[in-house]
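Trainee: Got a structure for you, written out below as structure tokens; questions coming shortly.
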Amino acid sequence: IITVIKVRTVNLSVIADSFPGNAKIESHYKREQRFFRHFTIDFTAIASFIASLLPIENGWILTLDRTDWKLGKTPVNILVLAIAYKGAAFPILWMSLPKKGNSNTKERIELLVRFFEHFGKQCINYIACDREFIGEDWFKFLLKCEVDFRIRVRENFQVPNRNGKNISVKLLFRNLAIHEKMVLNKPRLICGHQLYISGLRLLDGEYLILV
């Protein structure tokens, strides 16, 4: 760990070259390989350690997001639960998805249940998610667990207007000025649930709309 901090890289060859002692670099490298081959990382302990560094105050703001890339030709798709603090998100729990594309409700629930079991629900202020994380069963789970949420929806997402006719949600906020925000005074039926909607007109004229 000290060497990683010193050389500022996780490249094992560079780390091996910086180990103290008179052993050959090849010996240091094999030592590193043995460590990672036999050592089991306790990710729950890591989550506890990271969480202990972040002030809870009025409850944590959790973020749920998915990241995907390729390691060579191997696709990597990870669902990540993090704590937002001062403009950064600190990952505490994650799940590797054995597929391409979006997560499903079962996977999201499994990750949140792991959080509940370790930290409880009382420490959550709310959970924030992007447009991928919508769905009737997903909302049902969050409402049943009494977990407040802020989830972004697309501008063309269909919701009922005052007359019960489905329209693009951005039309409900079309009169907003730049940087002006508004929360609709009555909930609307979204994915089978009565939810409140808020909107903000961004500088570029687009909308940030949350349920």
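Following the order of the structure tokens, chains are lettered A, B, ..., residues in each are numbered from 1, and ligands are numbered from 1.
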Which residues of segment 189-211 of chain A come within 9 Å of segment 129-146 of chain A, and for each one, what is the closest pair of atoms and their distance in Å to one decimal, counting only C-alpha atoms, sorted by chain and residue number, as a Markdown table?

Mentor:
| residue | atom | partner | partner_atom | distance |
| --- | --- | --- | --- | --- |
| A:Ile190 | CA | A:Glu136 | CA | 8.0 |
| A:Cys191 | CA | A:Glu136 | CA | 4.7 |
| A:Gly192 | CA | A:Glu136 | CA | 5.9 |
| A:His193 | CA | A:Glu136 | CA | 7.3 |

Trainee: Please identify all polymer residues within 12 Å of Leu112 of chain A, counting only C-alpha atoms, omitting same-chain residues fewer than 3 positions from it, and present them as a ChimeraX atom specification.

Mentor: /A:62-64,79-82,92-95,105-109,115-121,124,127,138,141-142,145,147

Trainee: Mind pulling up the distance from atom CA of Ser96 of chain A to atom CA of Asp68 of chain A?

Mentor: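 Here the two named atoms are 9.8 Å from each other.
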
Trainee: Env of segment 18-23 of chain A: 9 Å cut, atoms = only C-alpha atoms, seq-sep filter 5 positions within chain, self excluded. Answer as a CSV table (one decimal) with N, CA, C and O atoms, in the first residue's frame.

Mentor:
chain,number,residue,atom,x,y,z
A,3,THR,N,3.8,1.5,-1.2
A,3,THR,CA,4.5,1.7,-2.5
A,3,THR,C,3.5,2.2,-3.5
A,3,THR,O,3.8,3.0,-4.4
A,6,LYS,N,3.3,5.8,-3.0
A,6,LYS,CA,4.6,6.4,-3.4
A,6,LYS,C,4.7,6.6,-5.0
A,6,LYS,O,5.0,7.6,-5.5
A,7,VAL,N,4.4,5.5,-5.7
A,7,VAL,CA,4.6,5.5,-7.2
A,7,VAL,C,3.3,6.0,-7.9
A,7,VAL,O,3.4,6.2,-9.1
A,13,SER,N,4.2,-4.1,-12.3
A,13,SER,CA,5.6,-4.1,-12.7
A,13,SER,C,6.3,-2.9,-12.1
A,13,SER,O,7.4,-3.0,-11.6
A,28,HIS,N,9.8,-9.9,-6.5
A,28,HIS,CA,8.8,-8.9,-6.0
A,28,HIS,C,7.5,-9.1,-6.8
A,28,HIS,O,6.4,-9.1,-6.2

Trainee: Between atom CA of Ile61 of chain A and atom CA of Thr44 of chain A, what is the distance, to one decimal in Å?

Mentor: 19.0 Å

Trainee: Rounded to one decimal in Å, what is the spacing between atom CA of Phe36 of chain A and atom CA of Thr67 of chain A?

Mentor: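 Atom CA of Thr67 of chain A lies 24.1 Å from atom CA of Phe36 of chain A.
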
Trainee: Segment 64-178 of chain A: which residues are strand (DSSP E or B) by DSSP, as number ranges by chain?

Mentor: A: 64-71, 74-85, 88-96, 124-129, 149-152, 158-160, 166-168

Trainee: If DSSP is run on the backbone, what residues of segment 117-200 of chain A are helix (DSSP H, G or I)? A reply as an MDAnalysis selection string would be ideal.

Mentor: chainID A and resid 117:119 136:144 169:173

Trainee: Of the residues A:Ala88, A:Ile15, A:Ile83, A:Val169, which is the one nearest to Ser52 of chain A, using only C-alpha atoms?

Mentor: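 The shortest atom-to-atom distance to Ser52 of chain A comes from A:Ile83.
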
Trainee: Would you kindly return, as a VMD selection string, each protein, DNA or RNA residue with an atom no farther than 12 Å from any atom of Asp204 of chain A, considering only C-alpha atoms and excluding same-chain residues fewer than 5 positions away?

Mentor: chain A and resid 177 to 179

Trainee: Measuring atom to atom with only C-alpha atoms, identify which of A:Ile56, A:Leu189, A:Met182, A:Val14 is nearest to Gln158 of chain A.

Mentor: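 Among A:Ile56, A:Leu189, A:Met182, A:Val14, it is A:Leu189 that comes nearest to Gln158 of chain A.
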
Trainee: For segment 170-174 of chain A, please output as number ranges by chain all residues within 7 Å (counting only C-alpha atoms; exclusion window: fewer than 4 positions along the same chain).

Mentor: A: 155-156, 199, 207
